[in-house]
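Below: final_3.txt (compact mmCIF, C-alpha atoms)
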```txt
# COMPACT_ATOMS: atom_id res chain seq x y z
CA MET A 1 0.00 0.00 0.00
CA PRO A 2 1.37 3.46 -0.79
CA PRO A 3 1.74 5.34 2.48
CA LEU A 4 -1.20 7.51 3.43
CA ARG A 5 -0.25 11.15 3.02
CA PHE A 6 -1.06 13.42 5.93
CA LYS A 7 -3.45 16.16 4.84
CA HIS A 8 -4.80 18.02 7.85
CA LEU A 9 -5.67 17.85 11.51
CA GLY A 10 -9.33 18.23 12.45
CA VAL A 11 -10.14 20.43 15.43
CA ALA A 12 -13.62 20.54 16.94
CA VAL A 13 -14.79 24.10 17.69
CA SER A 14 -18.10 25.52 18.90
CA GLU A 15 -18.34 28.26 16.32
CA ILE A 16 -16.22 28.96 13.23
CA GLY A 17 -16.01 32.76 13.51
CA ARG A 18 -14.70 32.85 17.04
CA ALA A 19 -12.29 29.96 16.48
CA LEU A 20 -10.93 31.56 13.32
CA LYS A 21 -10.27 34.80 15.19
CA THR A 22 -8.46 32.90 17.96
CA TYR A 23 -6.28 30.98 15.53
CA GLU A 24 -5.41 34.15 13.65
CA GLU A 25 -4.47 35.98 16.86
CA ILE A 26 -2.70 33.19 18.73
CA PHE A 27 -0.90 31.34 15.95
CA GLY A 28 -0.75 33.94 13.18
CA TYR A 29 -2.78 31.59 10.99
CA ARG A 30 -4.92 32.71 8.10
CA LEU A 31 -7.96 31.31 6.37
CA LEU A 32 -6.78 28.98 3.60
CA ALA A 33 -10.19 27.75 2.33
CA GLY A 34 -13.85 27.86 3.29
CA PRO A 35 -15.99 28.07 5.29
CA PHE A 36 -17.93 25.22 3.70
CA ASP A 37 -21.29 23.90 4.90
CA ASP A 38 -21.54 20.13 4.62
CA GLY A 39 -25.09 18.86 4.96
CA ILE A 40 -24.02 15.22 5.01
CA GLN A 41 -21.52 15.67 7.85
CA LYS A 42 -23.76 18.32 9.49
CA VAL A 43 -20.79 20.62 10.05
CA THR A 44 -19.30 23.89 8.86
CA VAL A 45 -15.57 23.66 8.22
CA CYS A 46 -12.72 25.90 7.20
CA PHE A 47 -9.01 25.35 6.75
CA VAL A 48 -6.40 27.50 8.49
CA GLY A 49 -2.62 27.57 8.62
CA THR A 50 0.41 29.59 7.66
CA GLY A 51 0.19 28.41 4.05
CA LEU A 52 3.84 27.26 4.14
CA PRO A 53 4.18 23.77 2.59
CA SER A 54 6.03 22.47 5.65
CA ASP A 55 3.36 23.64 8.08
CA VAL A 56 0.38 21.82 9.43
CA VAL A 57 -3.09 22.65 8.12
CA LEU A 58 -5.92 22.67 10.65
CA GLU A 59 -9.52 22.02 9.73
CA LEU A 60 -11.80 23.86 12.14
CA VAL A 61 -15.02 21.88 12.40
CA ALA A 62 -18.16 23.41 13.93
CA PRO A 63 -21.51 21.65 14.36
CA HIS A 64 -24.69 22.58 12.51
CA PRO A 65 -27.56 23.44 14.88
CA GLY A 66 -29.24 20.33 16.28
CA GLU A 67 -27.68 16.92 15.74
CA SER A 68 -24.07 16.85 14.55
CA PRO A 69 -21.41 14.14 14.90
CA VAL A 70 -18.91 16.74 16.10
CA ASN A 71 -20.97 17.48 19.23
CA ARG A 72 -19.60 14.31 20.79
CA PHE A 73 -16.06 15.69 20.58
CA LEU A 74 -17.10 19.14 21.76
CA SER A 75 -18.75 17.66 24.84
CA ARG A 76 -15.40 16.03 25.69
CA GLY A 77 -13.76 19.47 25.60
CA GLY A 78 -13.20 20.01 21.88
CA GLY A 79 -9.79 20.50 20.30
CA ALA A 80 -7.85 18.12 18.04
CA TYR A 81 -9.84 14.99 17.29
CA HIS A 82 -9.04 13.53 13.89
CA LEU A 83 -6.22 13.11 11.39
CA CYS A 84 -6.97 13.28 7.68
CA TYR A 85 -4.89 11.34 5.18
CA GLU A 86 -5.12 11.37 1.42
CA ALA A 87 -5.04 8.12 -0.56
CA ASP A 88 -4.65 7.65 -4.31
CA ASP A 89 -6.35 4.27 -4.54
CA PHE A 90 -9.22 5.12 -2.21
CA ASP A 91 -11.26 1.90 -2.22
CA ALA A 92 -8.23 -0.40 -2.08
CA THR A 93 -6.78 1.66 0.76
CA LEU A 94 -10.00 1.36 2.75
CA ASP A 95 -10.01 -2.41 2.21
CA GLU A 96 -6.43 -2.66 3.36
CA LEU A 97 -7.03 -0.53 6.44
CA ARG A 98 -9.95 -2.74 7.43
CA GLN A 99 -7.82 -5.84 6.92
CA LYS A 100 -5.28 -4.27 9.27
CA GLY A 101 -7.91 -3.93 11.97
CA CYS A 102 -9.36 -0.46 11.34
CA LEU A 103 -13.08 -0.09 11.92
CA SER A 104 -15.19 1.85 9.38
CA VAL A 105 -17.65 4.43 10.65
CA GLY A 106 -20.33 4.42 7.93
CA ASP A 107 -19.85 4.34 4.19
CA PRO A 108 -17.69 6.71 2.11
CA VAL A 109 -19.53 9.91 1.16
CA PRO A 110 -18.69 12.91 -1.03
CA ALA A 111 -17.40 15.96 0.86
CA VAL A 112 -18.33 19.55 0.02
CA ALA A 113 -14.99 20.92 1.25
CA PHE A 114 -13.14 18.72 -1.24
CA GLY A 115 -15.24 19.37 -4.34
CA GLY A 116 -17.16 16.13 -4.01
CA ARG A 117 -14.18 13.85 -3.49
CA ARG A 118 -15.12 11.01 -1.15
CA ILE A 119 -14.15 10.72 2.48
CA ALA A 120 -14.39 7.80 4.86
CA TRP A 121 -14.06 7.68 8.64
CA LEU A 122 -12.25 4.89 10.45
CA TYR A 123 -10.99 4.07 13.92
CA THR A 124 -7.50 2.55 14.08
CA PRO A 125 -6.94 -0.48 16.35
CA THR A 126 -5.59 1.99 18.93
CA ARG A 127 -8.85 3.97 18.66
CA ASP A 128 -7.58 7.02 16.79
CA LEU A 129 -10.15 8.57 14.50
CA ILE A 130 -8.89 9.04 10.95
CA GLU A 131 -10.45 10.45 7.82
CA VAL A 132 -9.33 9.05 4.49
CA LEU A 133 -9.75 11.39 1.53
CA GLU A 134 -9.86 10.34 -2.11
CA SER A 135 -6.97 12.16 -3.81
CA ARG A 136 -8.95 12.90 -6.99
CA LEU A 137 -12.41 12.40 -8.45
CA PRO A 138 -12.80 9.07 -10.31
CA MET B 1 5.33 38.00 18.19
CA PRO B 2 7.12 35.67 15.79
CA PRO B 3 4.64 33.01 14.71
CA LEU B 4 4.69 29.82 16.70
CA ARG B 5 6.15 27.03 14.61
CA PHE B 6 4.22 23.78 14.56
CA LYS B 7 6.33 20.94 15.92
CA HIS B 8 4.21 17.85 16.50
CA LEU B 9 0.81 16.49 17.31
CA GLY B 10 0.37 14.67 20.61
CA VAL B 11 -1.64 11.45 20.57
CA ALA B 12 -2.70 9.73 23.79
CA VAL B 13 -2.15 5.97 23.68
CA SER B 14 -2.52 3.24 26.30
CA GLU B 15 0.81 1.60 25.68
CA ILE B 16 3.75 2.70 23.51
CA GLY B 17 4.69 -0.69 22.04
CA ARG B 18 1.26 -1.54 20.70
CA ALA B 19 0.65 1.98 19.40
CA LEU B 20 4.01 2.06 17.65
CA LYS B 21 3.23 -1.22 15.91
CA THR B 22 -0.16 0.11 14.78
CA TYR B 23 1.32 3.32 13.40
CA GLU B 24 4.02 1.41 11.58
CA GLU B 25 1.50 -0.96 10.01
CA ILE B 26 -1.31 1.47 9.22
CA PHE B 27 0.56 4.60 8.20
CA GLY B 28 3.98 3.27 7.27
CA TYR B 29 5.47 5.42 10.01
CA ARG B 30 8.76 4.70 11.71
CA LEU B 31 10.21 5.55 15.07
CA LEU B 32 11.97 8.92 14.81
CA ALA B 33 13.04 9.35 18.46
CA GLY B 34 12.54 7.74 21.87
CA PRO B 35 10.90 6.21 23.76
CA PHE B 36 11.66 8.65 26.59
CA ASP B 37 10.42 8.34 30.16
CA ASP B 38 9.49 11.69 31.65
CA GLY B 39 9.09 11.56 35.43
CA ILE B 40 7.78 15.12 35.62
CA GLN B 41 5.02 14.57 33.05
CA LYS B 42 4.54 10.96 34.26
CA VAL B 43 4.50 9.68 30.66
CA THR B 44 6.51 7.65 28.20
CA VAL B 45 6.70 9.27 24.77
CA CYS B 46 8.10 8.54 21.35
CA PHE B 47 8.01 10.36 18.05
CA VAL B 48 6.84 8.72 14.83
CA GLY B 49 6.38 9.83 11.24
CA THR B 50 7.67 9.33 7.74
CA GLY B 51 10.69 11.51 8.42
CA LEU B 52 9.91 13.68 5.37
CA PRO B 53 10.20 17.40 6.24
CA SER B 54 6.73 18.11 4.86
CA ASP B 55 5.08 15.41 6.93
CA VAL B 56 3.49 15.62 10.32
CA VAL B 57 5.31 14.19 13.35
CA LEU B 58 3.20 12.44 15.95
CA GLU B 59 4.19 12.15 19.58
CA LEU B 60 2.73 8.99 21.06
CA VAL B 61 2.13 9.62 24.76
CA ALA B 62 1.47 6.75 27.17
CA PRO B 63 0.83 7.08 30.92
CA HIS B 64 3.16 5.85 33.63
CA PRO B 65 1.47 3.38 36.00
CA GLY B 66 -0.71 5.14 38.57
CA GLU B 67 -1.45 8.84 38.28
CA SER B 68 -0.67 10.46 34.92
CA PRO B 69 -2.13 13.59 33.30
CA VAL B 70 -2.65 11.68 30.05
CA ASN B 71 -5.16 9.33 31.69
CA ARG B 72 -7.77 12.05 31.42
CA PHE B 73 -7.47 12.02 27.62
CA LEU B 74 -7.36 8.24 27.43
CA SER B 75 -10.59 8.00 29.42
CA ARG B 76 -12.21 10.23 26.75
CA GLY B 77 -11.19 7.72 24.10
CA GLY B 78 -7.55 8.67 23.45
CA GLY B 79 -6.26 9.89 20.10
CA ALA B 80 -5.06 13.37 19.11
CA TYR B 81 -5.18 15.75 22.07
CA HIS B 82 -2.50 18.45 21.87
CA LEU B 83 -0.55 20.55 19.41
CA CYS B 84 3.07 21.41 20.14
CA TYR B 85 4.59 24.63 18.88
CA GLU B 86 8.18 25.79 19.16
CA ALA B 87 8.98 29.36 20.22
CA ASP B 88 12.33 31.16 20.10
CA ASP B 89 11.61 33.67 22.83
CA PHE B 90 9.95 31.22 25.20
CA ASP B 91 9.11 33.42 28.20
CA ALA B 92 7.96 36.39 26.11
CA THR B 93 5.81 34.08 23.99
CA LEU B 94 4.13 32.64 27.09
CA ASP B 95 3.43 36.16 28.37
CA GLU B 96 1.95 37.15 25.05
CA LEU B 97 -0.22 34.03 24.82
CA ARG B 98 -1.59 34.73 28.31
CA GLN B 99 -2.30 38.33 27.34
CA LYS B 100 -4.25 36.96 24.38
CA GLY B 101 -6.44 34.91 26.68
CA CYS B 102 -4.60 31.59 26.90
CA LEU B 103 -4.67 29.87 30.28
CA SER B 104 -1.48 28.32 31.66
CA VAL B 105 -1.60 24.82 33.10
CA GLY B 106 1.20 24.87 35.68
CA ASP B 107 4.66 26.36 35.35
CA PRO B 108 7.17 25.65 32.57
CA VAL B 109 9.28 22.55 33.24
CA PRO B 110 12.23 20.90 31.50
CA ALA B 111 11.31 17.98 29.22
CA VAL B 112 13.34 14.79 28.93
CA ALA B 113 12.31 14.23 25.29
CA PHE B 114 13.79 17.60 24.33
CA GLY B 115 17.10 17.38 26.17
CA GLY B 116 15.94 19.54 29.05
CA ARG B 117 14.42 22.33 26.99
CA ARG B 118 11.41 23.77 28.78
CA ILE B 119 7.81 23.12 27.87
CA ALA B 120 4.63 24.82 29.03
CA TRP B 121 0.99 23.76 28.67
CA LEU B 122 -1.76 26.22 27.85
CA TYR B 123 -5.40 26.18 26.86
CA THR B 124 -6.38 28.61 24.08
CA PRO B 125 -9.55 30.71 24.51
CA THR B 126 -11.29 28.09 22.35
CA ARG B 127 -10.10 25.35 24.78
CA ASP B 128 -7.47 23.71 22.59
CA LEU B 129 -4.58 22.26 24.55
CA ILE B 130 -1.20 23.45 23.29
CA GLU B 131 2.33 22.74 24.36
CA VAL B 132 4.93 25.46 23.85
CA LEU B 133 8.51 24.25 23.52
CA GLU B 134 11.61 26.37 24.06
CA SER B 135 13.51 26.25 20.76
CA ARG B 136 16.94 26.02 22.46
CA LEU B 137 18.47 25.84 25.93
CA PRO B 138 19.20 29.29 27.45
```
Show how you would write the structure in this file as structure tokens.
Amino acid sequence: MPPLRFKHLGVAVSEIGRALKTYEEIFGYRLLAGPFDDGIQKVTVCFVGTGLPSDVVLELVAPHPGESPVNRFLSRGGGAYHLCYEADDFDATLDELRQKGCLSVGDPVPAVAFGGRRIAWLYTPTRDLIEVLESRLP
Amino acid sequence: MPPLRFKHLGVAVSEIGRALKTYEEIFGYRLLAGPFDDGIQKVTVCFVGTGLPSDVVLELVAPHPGESPVNRFLSRGGGAYHLCYEADDFDATLDELRQKGCLSVGDPVPAVAFGGRRIAWLYTPTRDLIEVLESRLP
């Protein structure tokens, strides 16, 4: 399997505007993309960072009103909660991850923030939540 | 303030050996440094990644037997829980972060994994846990 390529770190936040302001002030980050509303994931997300290739990109993830999967992480205190990796051969990578003991959370779905490329959620055997992102549309 | 430079992502794990094996198998990561036992933090840590400059470095953090601050994050499910940033002017950076609304968790202490360079823990106003690392010994 080609190694998964790290893409971004997901951070659960209560509200995008306030979080964005904090990340700009504290870390000198800027908005790289978004905000995007994703009706399937029931979240609003944006990407922040320095924009330098060597620097980490954070995805700020805020819940839609009502039910949202991210509420579970916010109720634990919020902050960093998932790692996103890009994979070229998306379906084969998912199969291989499951063979290695990862547990799928639902089926792959297209993601607004990535122009409809598919994402899938999995828990590793050590219970880390990862998002696998299709590197390009089929 | 010079921007904080992202250093690594801290991941809470139950036990270093098993986590290391998982990260090697799933992500193709290798051990970059450690394991280190830190009696002050009451944790064993190691650093893993691909070793490519553009790639994220993960710090796997496992509790010492008995009391350990990382147990709190493990009881929430484990996984990603802190971001570490390096700062050149350590004390001035901490002052500035506090002025911007960050909350210190204890005093700065030397860290075994960084050759005695000091670290400090803070919560951002949006409740993200960050570790600030002195970029060099005074």
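Minimum atom-to-atom distances from B:Gly34, B:Pro108, B:Gly51, B:Gly77 to chain A were compared using all atoms listed in the file, and the lowest value belongs to B:Gly77.
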Listing only residues of chain A within 8 Å of chain B, what is the closest atom pair and its distance in Å (to one decimal) for each, using all atoms listed in the file, sorted by chain and residue number ascending, as CSV?
```
residue,atom,partner,partner_atom,distance
A:Pro3,CA,B:Gly28,CA,5.7
A:Leu4,CA,B:Phe27,CA,5.9
A:Arg5,CA,B:Asp55,CA,7.9
A:Phe6,CA,B:Asp55,CA,6.5
A:Val13,CA,B:Thr126,CA,7.1
A:Arg18,CA,B:Thr126,CA,7.9
A:Ala19,CA,B:Thr126,CA,6.2
A:Thr22,CA,B:Pro125,CA,7.0
A:Glu25,CA,B:Lys100,CA,7.6
A:Ile26,CA,B:Leu97,CA,6.6
A:Phe27,CA,B:Leu4,CA,5.8
A:Gly28,CA,B:Pro3,CA,5.7
A:Pro53,CA,B:Ser54,CA,6.6
A:Ser54,CA,B:Ser54,CA,4.5
A:Asp55,CA,B:Phe6,CA,6.5
A:Val56,CA,B:Phe6,CA,6.7
A:Arg76,CA,B:Arg76,CA,6.7
A:Gly77,CA,B:Arg127,CA,7.0
A:Gly78,CA,B:Arg127,CA,6.8
A:Gly79,CA,B:Asp128,CA,4.6
A:Ala80,CA,B:Tyr81,CA,5.4
A:Tyr81,CA,B:Ala80,CA,5.4
A:His82,CA,B:Ala80,CA,6.6
A:Leu83,CA,B:Ala80,CA,7.8
A:Leu97,CA,B:Ile26,CA,6.7
A:Lys100,CA,B:Ile26,CA,7.0
A:Thr124,CA,B:Thr22,CA,7.8
A:Pro125,CA,B:Thr22,CA,7.0
A:Thr126,CA,B:Ala19,CA,6.3
A:Arg127,CA,B:Gly79,CA,6.6
A:Asp128,CA,B:Gly79,CA,4.6
A:Leu129,CA,B:Gly79,CA,6.9
```
Go ahead and compute the interatomic distance for atom CA of B:Val70 and atom CA of B:Asp37, in Å to one decimal.
->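 Spanning atom CA of B:Val70 to atom CA of B:Asp37 is a straight-line distance of 13.5 Å.
Atom CA of B:Pro63 to atom CA of B:Ile16 spans 9.1 Å [interatomic distance, one decimal].
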Q: Excluding stretch 119-122 of chain B and any residue of its chain fewer than 5 positions from it, enumerate the residues within 7 Å of it, using all atoms listed in the file, and give them as a list in words.
A: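 With the cut-off at 7 Å, the set is Cys102, Leu103, Ser104, Val105, Asp107, Pro108, Val109, Pro110, Ala111, Leu129, Ile130, Glu131, Val132, Leu133 and Glu134 of chain B.
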Pairwise distance, atom CA of B:Leu137 with atom CA of B:Arg30, equals 27.3 Å
Which is closer to A:Gly106 than all the others in A:Gly66, A:Asp89, A:Cys84, A:Ile40, using all atoms listed in the file?
->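 Counting all atoms listed in the file, the residue closest to A:Gly106 is A:Ile40.
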Between B:Ala113, B:Asp88, B:Asn71, B:Thr93, smallest distance to B:Ala33 by only C-alpha atoms belongs to B:Ala113
Nearest to A:Val43, restricted to all atoms listed in the file and choosing among A:His64, A:Arg72, A:Arg117, A:Arg136, comes out as A:His64
Nearest to B:Pro69, chosen from B:Val48, B:Gly39, B:Val112, B:Leu31, with only C-alpha atoms counted in the distances: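 Closest residue, counting only C-alpha atoms: B:Gly39.
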Supply stretch 90-119 of chain B as a PDB file, in the frame of the given file, with N, CA and C atoms built in where the input has gaps.
```pdb
ATOM      1  N   PHE B  90      10.914  32.052  24.459  1.00  0.00           N
ATOM      2  CA  PHE B  90       9.950  31.220  25.200  1.00  0.00           C
ATOM      3  C   PHE B  90       9.137  32.029  26.218  1.00  0.00           C
ATOM      4  N   ASP B  91       9.834  32.731  27.120  1.00  0.00           N
ATOM      5  CA  ASP B  91       9.110  33.420  28.200  1.00  0.00           C
ATOM      6  C   ASP B  91       8.232  34.550  27.660  1.00  0.00           C
ATOM      7  N   ALA B  92       8.748  35.295  26.690  1.00  0.00           N
ATOM      8  CA  ALA B  92       7.960  36.390  26.110  1.00  0.00           C
ATOM      9  C   ALA B  92       6.744  35.845  25.366  1.00  0.00           C
ATOM     10  N   THR B  93       6.925  34.693  24.718  1.00  0.00           N
ATOM     11  CA  THR B  93       5.810  34.080  23.990  1.00  0.00           C
ATOM     12  C   THR B  93       4.716  33.647  24.962  1.00  0.00           C
ATOM     13  N   LEU B  94       5.126  33.052  26.090  1.00  0.00           N
ATOM     14  CA  LEU B  94       4.130  32.640  27.090  1.00  0.00           C
ATOM     15  C   LEU B  94       3.368  33.857  27.617  1.00  0.00           C
ATOM     16  N   ASP B  95       4.095  34.934  27.909  1.00  0.00           N
ATOM     17  CA  ASP B  95       3.430  36.160  28.370  1.00  0.00           C
ATOM     18  C   ASP B  95       2.414  36.638  27.349  1.00  0.00           C
ATOM     19  N   GLU B  96       2.839  36.634  26.091  1.00  0.00           N
ATOM     20  CA  GLU B  96       1.950  37.150  25.050  1.00  0.00           C
ATOM     21  C   GLU B  96       0.715  36.252  24.873  1.00  0.00           C
ATOM     22  N   LEU B  97       0.918  34.947  24.952  1.00  0.00           N
ATOM     23  CA  LEU B  97      -0.220  34.030  24.820  1.00  0.00           C
ATOM     24  C   LEU B  97      -1.218  34.244  25.962  1.00  0.00           C
ATOM     25  N   ARG B  98      -0.687  34.479  27.173  1.00  0.00           N
ATOM     26  CA  ARG B  98      -1.590  34.730  28.310  1.00  0.00           C
ATOM     27  C   ARG B  98      -2.335  36.045  28.133  1.00  0.00           C
ATOM     28  N   GLN B  99      -1.621  37.052  27.611  1.00  0.00           N
ATOM     29  CA  GLN B  99      -2.300  38.330  27.340  1.00  0.00           C
ATOM     30  C   GLN B  99      -3.416  38.164  26.317  1.00  0.00           C
ATOM     31  N   LYS B 100      -3.243  37.199  25.413  1.00  0.00           N
ATOM     32  CA  LYS B 100      -4.250  36.960  24.380  1.00  0.00           C
ATOM     33  C   LYS B 100      -5.340  36.009  24.855  1.00  0.00           C
ATOM     34  N   GLY B 101      -5.338  35.682  26.133  1.00  0.00           N
ATOM     35  CA  GLY B 101      -6.440  34.910  26.680  1.00  0.00           C
ATOM     36  C   GLY B 101      -6.163  33.435  26.881  1.00  0.00           C
ATOM     37  N   CYS B 102      -4.923  32.996  26.629  1.00  0.00           N
ATOM     38  CA  CYS B 102      -4.600  31.590  26.900  1.00  0.00           C
ATOM     39  C   CYS B 102      -4.406  31.389  28.404  1.00  0.00           C
ATOM     40  N   LEU B 103      -4.722  30.199  28.858  1.00  0.00           N
ATOM     41  CA  LEU B 103      -4.670  29.870  30.280  1.00  0.00           C
ATOM     42  C   LEU B 103      -3.546  28.864  30.513  1.00  0.00           C
ATOM     43  N   SER B 104      -2.594  29.231  31.373  1.00  0.00           N
ATOM     44  CA  SER B 104      -1.480  28.320  31.660  1.00  0.00           C
ATOM     45  C   SER B 104      -1.930  27.164  32.531  1.00  0.00           C
ATOM     46  N   VAL B 105      -1.388  25.981  32.243  1.00  0.00           N
ATOM     47  CA  VAL B 105      -1.600  24.820  33.100  1.00  0.00           C
ATOM     48  C   VAL B 105      -0.256  24.538  33.774  1.00  0.00           C
ATOM     49  N   GLY B 106      -0.061  25.066  34.958  1.00  0.00           N
ATOM     50  CA  GLY B 106       1.200  24.870  35.680  1.00  0.00           C
ATOM     51  C   GLY B 106       2.324  25.734  35.132  1.00  0.00           C
ATOM     52  N   ASP B 107       3.486  25.585  35.744  1.00  0.00           N
ATOM     53  CA  ASP B 107       4.660  26.360  35.350  1.00  0.00           C
ATOM     54  C   ASP B 107       5.462  25.609  34.288  1.00  0.00           C
ATOM     55  N   PRO B 108       6.295  26.328  33.521  1.00  0.00           N
ATOM     56  CA  PRO B 108       7.170  25.650  32.570  1.00  0.00           C
ATOM     57  C   PRO B 108       8.111  24.689  33.292  1.00  0.00           C
ATOM     58  N   VAL B 109       8.373  23.554  32.662  1.00  0.00           N
ATOM     59  CA  VAL B 109       9.280  22.550  33.240  1.00  0.00           C
ATOM     60  C   VAL B 109      10.167  21.991  32.133  1.00  0.00           C
ATOM     61  N   PRO B 110      11.373  21.521  32.516  1.00  0.00           N
ATOM     62  CA  PRO B 110      12.230  20.900  31.500  1.00  0.00           C
ATOM     63  C   PRO B 110      11.645  19.563  31.044  1.00  0.00           C
ATOM     64  N   ALA B 111      11.859  19.219  29.781  1.00  0.00           N
ATOM     65  CA  ALA B 111      11.310  17.980  29.220  1.00  0.00           C
ATOM     66  C   ALA B 111      12.431  17.049  28.775  1.00  0.00           C
ATOM     67  N   VAL B 112      12.342  15.806  29.248  1.00  0.00           N
ATOM     68  CA  VAL B 112      13.340  14.790  28.930  1.00  0.00           C
ATOM     69  C   VAL B 112      13.464  14.580  27.412  1.00  0.00           C
ATOM     70  N   ALA B 113      12.308  14.539  26.727  1.00  0.00           N
ATOM     71  CA  ALA B 113      12.310  14.230  25.290  1.00  0.00           C
ATOM     72  C   ALA B 113      12.972  15.315  24.458  1.00  0.00           C
ATOM     73  N   PHE B 114      13.179  16.493  25.059  1.00  0.00           N
ATOM     74  CA  PHE B 114      13.790  17.600  24.330  1.00  0.00           C
ATOM     75  C   PHE B 114      15.094  18.045  24.992  1.00  0.00           C
ATOM     76  N   GLY B 115      15.774  17.098  25.616  1.00  0.00           N
ATOM     77  CA  GLY B 115      17.100  17.380  26.170  1.00  0.00           C
ATOM     78  C   GLY B 115      17.104  18.447  27.239  1.00  0.00           C
ATOM     79  N   GLY B 116      15.992  18.569  27.961  1.00  0.00           N
ATOM     80  CA  GLY B 116      15.940  19.540  29.050  1.00  0.00           C
ATOM     81  C   GLY B 116      15.405  20.906  28.641  1.00  0.00           C
ATOM     82  N   ARG B 117      15.077  21.074  27.371  1.00  0.00           N
ATOM     83  CA  ARG B 117      14.420  22.330  26.990  1.00  0.00           C
ATOM     84  C   ARG B 117      13.072  22.405  27.694  1.00  0.00           C
ATOM     85  N   ARG B 118      12.640  23.633  28.004  1.00  0.00           N
ATOM     86  CA  ARG B 118      11.410  23.770  28.780  1.00  0.00           C
ATOM     87  C   ARG B 118      10.162  23.671  27.897  1.00  0.00           C
ATOM     88  N   ILE B 119       9.126  23.127  28.507  1.00  0.00           N
ATOM     89  CA  ILE B 119       7.810  23.120  27.870  1.00  0.00           C
ATOM     90  C   ILE B 119       6.809  23.768  28.815  1.00  0.00           C
TER      91      ILE B 119
END
```
